[in-house]
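Peer 1: One structure, as structure tokens, below. Some questions next.
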2 protein chains.
Amino acid sequence: MNDIIIVGSGPAGHTAAIYSARAGLDTTLFEGWMAGGIAPGGQLTTTNEIENFPGFPEGMTGPELMATIRKQSVGQGVEIFTETVESVDLSKRPFKVKTPSREMEASAIIIATGAIARRMGVPNEDKFWQKGISACAVCDGALPLFRNQPLVVIGGGDTAMEEAMHLSKFGSMVYVVHRRDELRASKAMQERVLANEKITILWNTVMLDVGGSEVLEHVVLKNVKTGEEFKQDAKGLFYAIGHNPNTVFLDDQLDLDETGYILTKPGTTNTSIPGVFAAGDVQDKVYRQAVTSAGTGCMASLDAEKYLGENPL
Amino acid sequence: MNDIIIVGSGPAGHTAAIYSARAGLDTTLFEGWMAGGIAPGGQLTTTNEIENFPGFPEGMTGPELMATIRKQSVGQGVEIFTETVESVDLSKRPFKVKTPSREMEASAIIIATGAIARRMGVPNEDKFWQKGISACAVCDGALPLFRNQPLVVIGGGDTAMEEAMHLSKFGSMVYVVHRRDELRASKAMQERVLANEKITILWNTVMLDVGGSEVLEHVVLKNVKTGEEFKQDAKGLFYAIGHNPNTVFLDDQLDLDETGYILTKPGTTNTSIPGVFAAGDVQDKVYRQAVTSAGTGCMASLDAEKYLGENPL
């Protein structure tokens with residue numbers, strides 16, 4: 001039996017694994033096989049340049065960073081299976097984890113399955129993903145590609161407004177595409193956005209497609225009131241329509257919030273079941289950065305080590 | 001006036017700086033000049049091998065890691081002063097920060113001044129610091145140097161017991177040196193430690209000195225009841241007698257806990273004063289790792305950016 005099974009292979013999962021294995025705990029990590037449509041390594045594998053992970057002044061790509069961290073896991077003695085966990089049994093210890101190929105038991109479990117940014121699914125989206133299209137303005141907005149260029153944000157909530165404000169420091173103009181004639185964002189936030197000369201809200205508008213040659217050059221929009229279709233120049237397109245946390249496989253065994261994120265006791269990684277810990281984006285809808293995920297991965301390992309010391313099986 | 005002033009130059013301070021500058025905010029960082037007796041870069045500059053910071057499978061030294069992260073700050077446009085902040089005025093915005101050479105103002109402040117591990121101050125301590133002596137069992141316990149060797153822990157609280165349990169996986173025997181005839185640790189923790197065959201508690205004992213040739217080889221102990229002095233072989237010596245958070249310069253303007261750590265709203269970096277944020281070890285007495293500090297540094301920057309958006313000066 002494992003001391004710890006970690007489900008997930010982004011910065012949270014691997015940092016938890018590095019700490020756990022280094023603490024002398026038998027540690028197994030399931031990195032998934034295109035779990036949620038995403039390669040082992042998680043959302044970072046869908047990004048290009050990363051400039052804000054501390055320790056890499058020259059920047060590096062998401063896949064490079066995750067390959068490096070995975071190598072560190074392996075070096076510390078973590079056993080890794082490239083299989084997707086389909087279900088877990090958290091009803092009693094040892095906890096059980098099931099993939100298409102095996103069932104394994106562990107004294108403690110760390111859930112680090114992340115979240116997936118919602119996409120619009122327009123026809124040419126895949127072609128321009130990370131060639132102008134991004135799901136994280138904080139991560140990507142400062143890239144040279146976007147400086148003094150027209151940018152588009154899709155969404156109408158607080159996050160969309162924050163991302164528009166953030167992007168207004170870089171782009172020539174930020175167009176917020178919103179399907180209704182009023183925003184869901186808080187009143188205070190709306191006022192700031194409406195007062196920002198570098199933000200234009202395109203009301204009653206939906207996006208039909210994206211286009212360009214090598215990189216994104218425009219989006220195709222439609223005014224749902226008038227039926228008019230038009231092109232808008234755009235070097236950057238930022239989705240701010242939410243994320244889906246990867247928690248369906250938990251089958252409601254852990255307490256989740258109303259949008260499916262795992263609830264943890266703030267300041268810890270403790271979930272509603274003792275011995276089960278959560279780290280990374282699967283429990284974070286606020287910060288969602290590689291380094292914050294890595295930090296909570298470390299916390300989960302230390303929390304689990306303490307738990308195992310106090311509750312040996 | 002700066003948008004953000006960051007006080008401190010460890011992983012928390014510099015990660016906050018990288019994110020803030022990258023968000024287009026005017027960012028100044030005071031890295032200190034032997035602040036608290038420690039070089040710019042913080043406690044990591046007093047460590048040798050770091051194997052658990054994600055992204056560095058070959059490991060690196062503390063000074064190397066901090067030099068790399070500092071370079072990244074500079075690359076993002078952070079202005080760095082090698083001066084120690086002696087006082088702050090948080091009574092109203094703009095906040096004021098004072099060093100021996102200058103006074104500067106900022107719309108928001110991030111405190112990331114860290115904490116310093118307490119040392120015993122025995123005569124030959126400096127000679128063997130990081131040559132066998134460490135203040136972090138989780139960080140250093142797994143190093144090859146300590147495998148199957150006699151190790152010593154100084155302390156009698158829960159942290160000391162946790163560190164002894166952690167080290168018992170690596171050393172041949174862990175000796176806990178404790179000056180009294182009972183532990184301060186919780187009863188449950190005491191039971192586990194007393195039941196661990198690889199932990200021996202040396203009651204009523206104090207440490208007088210350390211010795212060795214190139215690296216630590218023994219400690220000199222004294223039984224305070226009998227007056228007997230004796231040598232104990234030890235390849236590792238771990239201080240678990242607490243940390244002092246660097247908060248004196250705040251002059252009680254922020255809410256602190258009973259041991260001087262800055263209180264933050266759990267799950268955020270918000271302090272008791274809006275616009276003032278805290279990250280890293282100065283607000284964390286539980287996890288205290290480089291990567292957890294970096295994570296909270298990122299959080300502080302995002303919290304501050306949001307605050308500045310909502311509360312422009």
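Chain lettering (A, B, ...) mirrors the order of the structure tokens, residue numbering begins at 1 for each chain separately, and ligand numbering begins at 1 in order of display.
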Show which residues sit within 12 Å of Leu194 in chain A, as an mmCIF file with C-alpha atoms, in the first residue's frame. Count only C-alpha atoms, and ignore same-chain residues fewer than 4 positions away.
Peer 2:
```
data_model
loop_
_atom_site.group_PDB
_atom_site.id
_atom_site.type_symbol
_atom_site.label_atom_id
_atom_site.label_comp_id
_atom_site.auth_asym_id
_atom_site.auth_seq_id
_atom_site.Cartn_x
_atom_site.Cartn_y
_atom_site.Cartn_z
ATOM 1 C CA MET A 161 -13.568 42.992 -15.988
ATOM 2 C CA ALA A 164 -9.854 43.810 -19.222
ATOM 3 C CA MET A 165 -8.410 46.275 -16.683
ATOM 4 C CA VAL A 174 -9.480 46.249 -25.159
ATOM 5 C CA TYR A 175 -12.852 45.169 -26.554
ATOM 6 C CA VAL A 176 -15.045 43.289 -24.120
ATOM 7 C CA GLU A 182 -25.709 44.431 -18.920
ATOM 8 C CA LEU A 183 -22.740 43.062 -17.040
ATOM 9 C CA ALA A 185 -19.749 42.177 -12.671
ATOM 10 C CA LYS A 187 -21.267 47.762 -9.774
ATOM 11 C CA ALA A 188 -17.955 49.149 -8.535
ATOM 12 C CA MET A 189 -16.063 47.087 -11.071
ATOM 13 C CA GLN A 190 -18.405 48.133 -13.875
ATOM 14 C CA LYS A 198 -8.874 51.931 -23.225
ATOM 15 C CA ILE A 199 -11.805 49.580 -22.723
ATOM 16 C CA THR A 200 -14.764 49.409 -25.103
ATOM 17 C CA ILE A 201 -17.680 47.143 -24.296
ATOM 18 C CA LEU A 202 -19.379 45.551 -27.285
#
```
Peer 1: Counting only C-alpha atoms, collect the residues of chain B whose closest atom lies at most 7 Å from chain A, and write them out as a list in words.
Peer 2: Thr15, Ile18, Tyr19, Arg22, Ala23, Gly24, Asn52, Pro54, Gly55, Phe56, Pro57, Leu65, Thr68, Ile69, Lys71, Gln72, Ala142, His166, Lys169, Pro266, Gly267, Tyr287, Val291, Thr292, Ala294, Gly295, Thr296, Cys298 and Met299 of chain B
Peer 1: Please report the interatomic distance between CA of Ile111 in chain B and CA of Thr271 in chain B in Å with one decimal.
Peer 2: 9.6 Å
Peer 1: Between A:Val224, A:Ala234, A:Val210, A:Ala112, which has the minimum distance to Gln149 in chain A (counting only C-alpha atoms)?
Peer 2: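 Among the listed residues, A:Ala234 lies closest to Gln149 in chain A.
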Peer 1: Which polymer residues have any atom within 9 Å of an atom of Gly211 in chain A, counting only C-alpha atoms, with same-chain residues fewer than 4 positions away left out, as a PyMOL selection string?
Peer 2: chain A and resi 124-125+127-128+215-220
Peer 1: Residues as selected, N, CA and C atoms, written as a PDB file, in the first residue's frame, can you do that?
Peer 2:
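Written output follows (out.pdb):
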```pdb
ATOM      1  N   ASN A 124     -12.269  27.992 -35.805  1.00  0.00           N
ATOM      2  CA  ASN A 124     -10.816  28.050 -35.977  1.00  0.00           C
ATOM      3  C   ASN A 124     -10.041  28.239 -34.666  1.00  0.00           C
ATOM      4  N   GLU A 125     -10.710  27.918 -33.546  1.00  0.00           N
ATOM      5  CA  GLU A 125     -10.107  28.162 -32.228  1.00  0.00           C
ATOM      6  C   GLU A 125      -8.806  27.394 -32.044  1.00  0.00           C
ATOM      7  N   LYS A 127      -6.687  26.299 -34.087  1.00  0.00           N
ATOM      8  CA  LYS A 127      -5.604  26.770 -34.946  1.00  0.00           C
ATOM      9  C   LYS A 127      -4.837  27.936 -34.310  1.00  0.00           C
ATOM     10  N   PHE A 128      -5.557  28.788 -33.556  1.00  0.00           N
ATOM     11  CA  PHE A 128      -4.919  29.985 -33.005  1.00  0.00           C
ATOM     12  C   PHE A 128      -4.737  29.927 -31.487  1.00  0.00           C
ATOM     13  N   VAL A 215      -0.696  33.912 -37.004  1.00  0.00           N
ATOM     14  CA  VAL A 215      -1.233  34.187 -35.669  1.00  0.00           C
ATOM     15  C   VAL A 215      -2.588  34.865 -35.799  1.00  0.00           C
ATOM     16  N   LEU A 216      -3.262  34.968 -34.677  1.00  0.00           N
ATOM     17  CA  LEU A 216      -4.581  35.599 -34.669  1.00  0.00           C
ATOM     18  C   LEU A 216      -4.519  37.031 -35.178  1.00  0.00           C
ATOM     19  N   GLU A 217      -5.431  37.398 -36.050  1.00  0.00           N
ATOM     20  CA  GLU A 217      -5.476  38.772 -36.555  1.00  0.00           C
ATOM     21  C   GLU A 217      -6.839  39.439 -36.368  1.00  0.00           C
ATOM     22  N   HIS A 218      -7.875  38.627 -36.319  1.00  0.00           N
ATOM     23  CA  HIS A 218      -9.194  39.232 -36.115  1.00  0.00           C
ATOM     24  C   HIS A 218     -10.163  38.216 -35.503  1.00  0.00           C
ATOM     25  N   VAL A 219     -11.242  38.741 -34.973  1.00  0.00           N
ATOM     26  CA  VAL A 219     -12.341  37.883 -34.535  1.00  0.00           C
ATOM     27  C   VAL A 219     -13.572  38.259 -35.341  1.00  0.00           C
ATOM     28  N   VAL A 220     -14.453  37.292 -35.551  1.00  0.00           N
ATOM     29  CA  VAL A 220     -15.701  37.549 -36.272  1.00  0.00           C
ATOM     30  C   VAL A 220     -16.815  37.636 -35.231  1.00  0.00           C
TER      31      VAL A 220
END
```
Peer 1: Quick one: residues within 7 Å of Val282 in chain A, only C-alpha atoms, excluding same-chain residues fewer than 3 positions away - as an mmCIF file with all heavy atoms, in the first residue's frame?
Peer 2:
```cif
data_model
loop_
_atom_site.group_PDB
_atom_site.id
_atom_site.type_symbol
_atom_site.label_atom_id
_atom_site.label_comp_id
_atom_site.auth_asym_id
_atom_site.auth_seq_id
_atom_site.Cartn_x
_atom_site.Cartn_y
_atom_site.Cartn_z
ATOM 1 N N ALA A 112 -5.058 16.796 -7.045
ATOM 2 C CA ALA A 112 -4.468 17.973 -7.706
ATOM 3 C C ALA A 112 -4.790 17.887 -9.193
ATOM 4 O O ALA A 112 -3.910 17.958 -10.044
ATOM 5 C CB ALA A 112 -2.964 18.009 -7.459
ATOM 6 N N THR A 113 -6.073 17.720 -9.470
ATOM 7 C CA THR A 113 -6.508 17.450 -10.842
ATOM 8 C C THR A 113 -6.784 18.713 -11.656
ATOM 9 O O THR A 113 -7.138 18.614 -12.837
ATOM 10 C CB THR A 113 -7.778 16.570 -10.830
ATOM 11 O OG1 THR A 113 -8.683 17.090 -9.849
ATOM 12 C CG2 THR A 113 -7.440 15.139 -10.464
ATOM 13 N N GLY A 114 -6.646 19.875 -11.006
ATOM 14 C CA GLY A 114 -6.713 21.109 -11.766
ATOM 15 C C GLY A 114 -8.096 21.491 -12.246
ATOM 16 O O GLY A 114 -9.125 20.968 -11.793
ATOM 17 N N ALA A 115 -8.116 22.415 -13.171
ATOM 18 C CA ALA A 115 -9.345 22.918 -13.774
ATOM 19 C C ALA A 115 -9.028 23.210 -15.232
ATOM 20 O O ALA A 115 -7.870 23.341 -15.609
ATOM 21 C CB ALA A 115 -9.806 24.187 -13.062
ATOM 22 N N PRO A 245 -13.521 22.898 -12.808
ATOM 23 C CA PRO A 245 -12.605 22.086 -12.009
ATOM 24 C C PRO A 245 -12.842 20.604 -12.302
ATOM 25 O O PRO A 245 -13.968 20.183 -12.554
ATOM 26 C CB PRO A 245 -12.988 22.433 -10.567
ATOM 27 C CG PRO A 245 -14.393 22.931 -10.651
ATOM 28 C CD PRO A 245 -14.541 23.566 -12.003
ATOM 29 N N ASN A 246 -11.760 19.842 -12.314
ATOM 30 C CA ASN A 246 -11.855 18.417 -12.641
ATOM 31 C C ASN A 246 -12.177 17.602 -11.390
ATOM 32 O O ASN A 246 -11.299 16.984 -10.782
ATOM 33 C CB ASN A 246 -10.541 17.950 -13.266
ATOM 34 C CG ASN A 246 -10.265 18.666 -14.573
ATOM 35 O OD1 ASN A 246 -11.151 18.777 -15.418
ATOM 36 N ND2 ASN A 246 -9.062 19.178 -14.745
ATOM 37 N N TYR A 261 -15.644 23.366 -7.269
ATOM 38 C CA TYR A 261 -14.293 23.383 -6.699
ATOM 39 C C TYR A 261 -14.278 22.692 -5.342
ATOM 40 O O TYR A 261 -15.241 22.794 -4.569
ATOM 41 C CB TYR A 261 -13.793 24.827 -6.513
ATOM 42 C CG TYR A 261 -13.412 25.503 -7.809
ATOM 43 C CD1 TYR A 261 -14.365 26.148 -8.591
ATOM 44 C CD2 TYR A 261 -12.098 25.488 -8.249
ATOM 45 C CE1 TYR A 261 -14.018 26.764 -9.787
ATOM 46 C CE2 TYR A 261 -11.741 26.095 -9.445
ATOM 47 C CZ TYR A 261 -12.708 26.731 -10.202
ATOM 48 O OH TYR A 261 -12.354 27.328 -11.380
ATOM 49 N N ILE A 262 -13.173 21.994 -5.042
ATOM 50 C CA ILE A 262 -13.046 21.353 -3.730
ATOM 51 C C ILE A 262 -12.890 22.423 -2.660
ATOM 52 O O ILE A 262 -12.090 23.353 -2.803
ATOM 53 C CB ILE A 262 -11.834 20.403 -3.688
ATOM 54 C CG1 ILE A 262 -12.022 19.261 -4.701
ATOM 55 C CG2 ILE A 262 -11.628 19.838 -2.281
ATOM 56 C CD1 ILE A 262 -10.829 18.320 -4.795
ATOM 57 N N ALA A 279 -4.932 20.362 -3.671
ATOM 58 C CA ALA A 279 -3.948 21.408 -3.985
ATOM 59 C C ALA A 279 -4.123 21.856 -5.428
ATOM 60 O O ALA A 279 -4.617 21.114 -6.269
ATOM 61 C CB ALA A 279 -2.533 20.865 -3.771
#
```
Peer 1: Just how far from CA of Gln253 in chain A is CA of Ala106 in chain A, in Å to one decimal?
Peer 2: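 Here the two named atoms are 16.4 Å from each other.
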Peer 1: To one decimal in Å, tell me the separation between CA of Arg118 in chain A and CA of Met207 in chain A.
Peer 2: 14.3 Å
Peer 1: When you look at range 40-50 of chain B with a cut-off of 6 Å (counting only C-alpha atoms), what residues show up, excluding the ones that are within fewer than 2 positions of it in the same chain? I need them as a ChimeraX atom specification.
Peer 2: /B:9-10,31-32,52,59-63,66
Peer 1: Keeping N, CA, C and O atoms for every residue in the selection just given, could you write it to a file as a compact mmCIF listing (two decimals), in the first residue's frame?
Peer 2:
```txt
# COMPACT_ATOMS: atom_id res chain seq x y z
N SER B 9 13.31 40.41 0.37
CA SER B 9 13.95 39.97 -0.87
C SER B 9 14.15 38.47 -0.94
O SER B 9 15.03 37.99 -1.63
N GLY B 10 13.32 37.72 -0.23
CA GLY B 10 13.33 36.27 -0.37
C GLY B 10 12.41 35.86 -1.52
O GLY B 10 12.02 36.69 -2.35
N GLU B 31 15.63 45.42 -0.64
CA GLU B 31 16.13 44.08 -0.33
C GLU B 31 16.87 44.03 0.99
O GLU B 31 17.20 42.95 1.46
N GLY B 32 17.10 45.19 1.59
CA GLY B 32 17.77 45.20 2.89
C GLY B 32 19.27 45.09 2.75
O GLY B 32 19.80 44.67 1.73
N ASN B 52 14.21 20.70 -3.35
CA ASN B 52 12.76 20.59 -3.42
C ASN B 52 12.06 21.81 -4.01
O ASN B 52 10.84 21.90 -3.96
N GLY B 59 19.01 20.22 -8.39
CA GLY B 59 19.24 20.97 -7.16
C GLY B 59 20.09 22.20 -7.43
O GLY B 59 20.64 22.38 -8.51
N MET B 60 20.11 23.09 -6.47
CA MET B 60 20.99 24.25 -6.57
C MET B 60 21.18 24.80 -5.16
O MET B 60 20.50 24.38 -4.24
N THR B 61 22.11 25.72 -5.00
CA THR B 61 22.30 26.29 -3.67
C THR B 61 21.30 27.43 -3.45
O THR B 61 20.77 28.01 -4.41
N GLY B 62 21.09 27.77 -2.19
CA GLY B 62 20.20 28.86 -1.86
C GLY B 62 20.62 30.18 -2.49
O GLY B 62 19.81 30.86 -3.12
N PRO B 63 21.89 30.55 -2.35
CA PRO B 63 22.32 31.81 -2.99
C PRO B 63 22.14 31.79 -4.51
O PRO B 63 21.75 32.80 -5.10
N MET B 66 18.37 32.34 -5.27
CA MET B 66 17.94 33.72 -5.05
C MET B 66 18.56 34.68 -6.07
O MET B 66 17.92 35.64 -6.49
```
Peer 1: Which residue, B:Trp203, B:Phe146, B:Phe230, B:Phe249, has the smallest gap to Val88 in chain B when you use only C-alpha atoms?
Peer 2: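 So, comparing all the options, the nearest one is B:Phe249.
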Peer 1: Return as a CSV table (one decimal) with C-alpha atoms, in the first residue's frame the full set of residues in range 168-309 of chain A whose backbone-based DSSP assignment is alpha helix (DSSP H).
Peer 2:
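This is the output file selection-v4.csv:
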```csv
chain,number,residue,atom,x,y,z
A,187,LYS,CA,-21.3,47.8,-9.8
A,188,ALA,CA,-18.0,49.1,-8.5
A,189,MET,CA,-16.1,47.1,-11.1
A,190,GLN,CA,-18.4,48.1,-13.9
A,191,GLU,CA,-17.9,51.8,-13.1
A,192,ARG,CA,-14.1,51.4,-13.3
A,193,VAL,CA,-14.3,49.6,-16.6
A,194,LEU,CA,-16.7,52.0,-18.1
A,195,ALA,CA,-14.5,54.9,-17.0
A,290,ALA,CA,1.7,27.9,-11.6
A,291,VAL,CA,3.6,29.1,-8.5
A,292,THR,CA,0.6,29.3,-6.3
A,293,SER,CA,-0.3,25.8,-7.3
A,294,ALA,CA,3.2,24.6,-6.6
A,295,GLY,CA,2.9,26.3,-3.2
A,296,THR,CA,-0.3,24.5,-2.3
A,297,GLY,CA,1.2,21.2,-3.5
A,298,CYS,CA,4.0,21.6,-1.0
A,299,MET,CA,1.4,22.5,1.7
A,300,ALA,CA,-0.6,19.3,0.8
A,301,SER,CA,2.5,17.1,1.2
A,302,LEU,CA,3.4,18.6,4.6
A,303,ASP,CA,-0.3,18.4,5.7
A,304,ALA,CA,-0.4,14.7,4.6
A,305,GLU,CA,2.9,13.9,6.3
A,306,LYS,CA,1.7,15.4,9.5
A,307,TYR,CA,-1.6,13.5,9.2
A,308,LEU,CA,0.1,10.2,8.5
A,309,GLY,CA,2.4,10.7,11.6
```
